[in-house]
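Below is one structure, written out as structure tokens, with a few remarks after it.
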Amino acid sequence: MSLLGRNNALAISVTIALATSLTACGGGGGGNGNVRPSTTTPTPAPAPAPTPTPTPTPVPSPSPSPGPAPIALSGSPTPPPTPVLSGYNPLLAQLWPTNVDTAQSTTGDQGQGVKVGILDSGAQADNPALINRITWFQDYVDPTNTTPQDGAGHGTMMAEIVGGTANPDGSGGNPFYGGVAPQSLLYIARIGDNSGNVNVALAPQALADLNAQGVKLINNSYGSTTSITGVGATDPLVTQDYSFFRSTATNGQLMVWAAGNEGMSQPSVEAGLPYYESSLQQNWLAVVNVAINANGQVTGLDTTATSNACGVAAQWCLAAPGYAYVSPISNTPFSTGAGDGTSGAAAVVTGVAALVWQRFPFFTATNVQETLLGTATNLGS
């Protein structure tokens, strides 16, 4: 498992510019793509001082509602310790462990000009973090609708993590400190209904429309609850998904996938699809969710939201924190502004990919993928 971590630079020429810190997998990860809402909100904490290393008053460690009991994962030893983050604040989980805060403050890079597609349940345009942030919206569930909406809240949370704007209206009366790439251009494709059910059959048209507008980076925080090794190469789930997503390799789109939240030793069919369809591998990233302790250190796969492991997707798998606090999403299960799962972890990686693509606009999807995989901190399996 490899983490986008604070110690490593994405490339020699961006050692100072982008010292983002993901982790990579040597074998572990997966799950269903949904973030699980949490009813726990943090005790209000003052904003961190505007110094290179913020030291806000620590917030109690998040304790989300328990998910199903995690399955013991074989071949997933305790990872080597990652550096202690002095004054770590869980409200900054999408920024600090991956060193995004330093990258943003050092370079001013916030994803400017990078088009990011988000296939999900839509987005609430009036959410405090998304006001004037949605560049394009298309409703594939209800084609008659032209107004950005999200009755499930899941897509809104992903949009906030990827590219939401910092504002005072965060979870539990705290500020929301902003997304990973808060000046990226958000292209929202609604393929999930108000119950959070995603119709994958709508994805091909959405991807074609996004590609026509030059959108090459796509966040996919959804997936089946079946593991990739739980089916064979000719299983209808595999062949159908391949027919839906095979165009992304030809179009040069980078697909970032939540590995799933079932506590399995393998990722979902979608996140693990290159295992059977190798032509997709260089345009694919599977993302697992790691737990962060009170010192900001990775302790292993998140067993509260029961992250799947990377498993056979190890060669295209990354890990990032999936527990996030955002601006509350009214009238949805995410009304507290808190959620945990591989969906959020995928959104973090998508945001980091946007920062890389801004710094290197001539990169192909494969270049971005290889940069992230090649510079992440290996935490073992």
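Every chain in the structure tokens takes a letter, A first, then B, and so on in the order presented; its residues are numbered from 1, and the ligands are numbered from 1 following the presented order.
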Neighbouring residues of Leu273 (chain A) were defined as those with any atom within 10 Å, considering only C-alpha atoms; residues of the same chain fewer than 3 positions away were excluded. Please report them as a ChimeraX atom specification. /A:227-229,233,237-239,241-242,245,267-270,276-281,284,286,312-313
Could you pull out the helix (DSSP H, G or I) residues of region 176-271 of chain A from DSSP and send them as a PyMOL selection string? chain A and resi 200-212+228-230+236-245+247-251
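With only C-alpha atoms as the atoms that count, the minimum distance from Leu91 (chain A) to the choices A:Val352, A:Val326, A:Ala259, A:Ala159 is reached by A:Val326.
Distances here use only C-alpha atoms; by that measure, the residue among A:Gln358, A:Gln205, A:Ser195, A:Thr303 closest to Val116 (chain A) is A:Gln358.
Distances here use only C-alpha atoms; by that measure, the residue among A:Val215, A:Val141, A:Ala294, A:Met158 closest to Asn199 (chain A) is A:Val141.
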To one decimal place, how far is CA of Leu254 (chain A) from CA of Asp142 (chain A) in Å? 26.2 Å
Residues of region 170-253 of chain A within 8 Å of region 144-152 of chain A: nearest atom pair and distance (Å, one decimal) for each, counting only C-alpha atoms, sorted by chain and number, as CSV?
```
residue,atom,partner,partner_atom,distance
A:Asp193,CA,A:Ala152,CA,7.1
A:Asn194,CA,A:Gly151,CA,4.3
A:Ser195,CA,A:Ala152,CA,5.5
A:Gly196,CA,A:Ala152,CA,5.2
```
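Relative to CA of Tyr275 (chain A), CA of Gly232 (chain A) is found at 10.2 Å.
Across A:Ala338, A:Ala309, A:Leu207, A:Ala189, the tightest approach to Gly322 (chain A) is made by A:Ala338 when counting only C-alpha atoms.
The space separating CA of His154 (chain A) from CA of Gln253 (chain A) comes to 22.5 Å.
Proximity of A:Pro321, A:Gly163, A:Gly339, A:Gly153 to Gly117 (chain A), computed with only C-alpha atoms, is greatest for A:Gly163.
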Using the chain letters and numbers from this document, which residues of region 117-320 of chain A does DSSP assign to strand (DSSP E), as a count of residues only? 44
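With only C-alpha atoms as the atoms that count, the residue of A:Thr375, A:Gln315, A:Asn293, A:Thr306 with the shortest distance to Val356 (chain A) is A:Thr375.
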Contacts of Ser184 (chain A) at 9 Å or less, counting only C-alpha atoms, minus same-chain residues fewer than 6 places along, as an NGL selection string? :A and (110-116 or 133 or 162-163 or 351 or 354-355 or 358)
Output of the above residues as a CSV table (one decimal), in the first residue's frame, restricted to C-alpha atoms:
```
chain,number,residue,atom,x,y,z
A,110,GLN,CA,-4.8,25.1,-6.6
A,111,GLY,CA,-5.7,23.3,-9.7
A,112,GLN,CA,-6.2,26.4,-11.8
A,113,GLY,CA,-7.4,25.5,-15.3
A,114,VAL,CA,-7.7,21.8,-14.7
A,115,LYS,CA,-11.0,20.3,-15.7
A,116,VAL,CA,-12.2,17.6,-13.3
A,133,ARG,CA,-17.6,26.5,-8.3
A,162,VAL,CA,-11.8,17.7,-4.7
A,163,GLY,CA,-12.4,21.4,-5.3
A,351,GLY,CA,-7.5,16.6,-6.3
A,354,ALA,CA,-5.4,18.0,-10.6
A,355,LEU,CA,-2.4,19.7,-8.9
A,358,GLN,CA,-1.7,22.0,-13.4
```
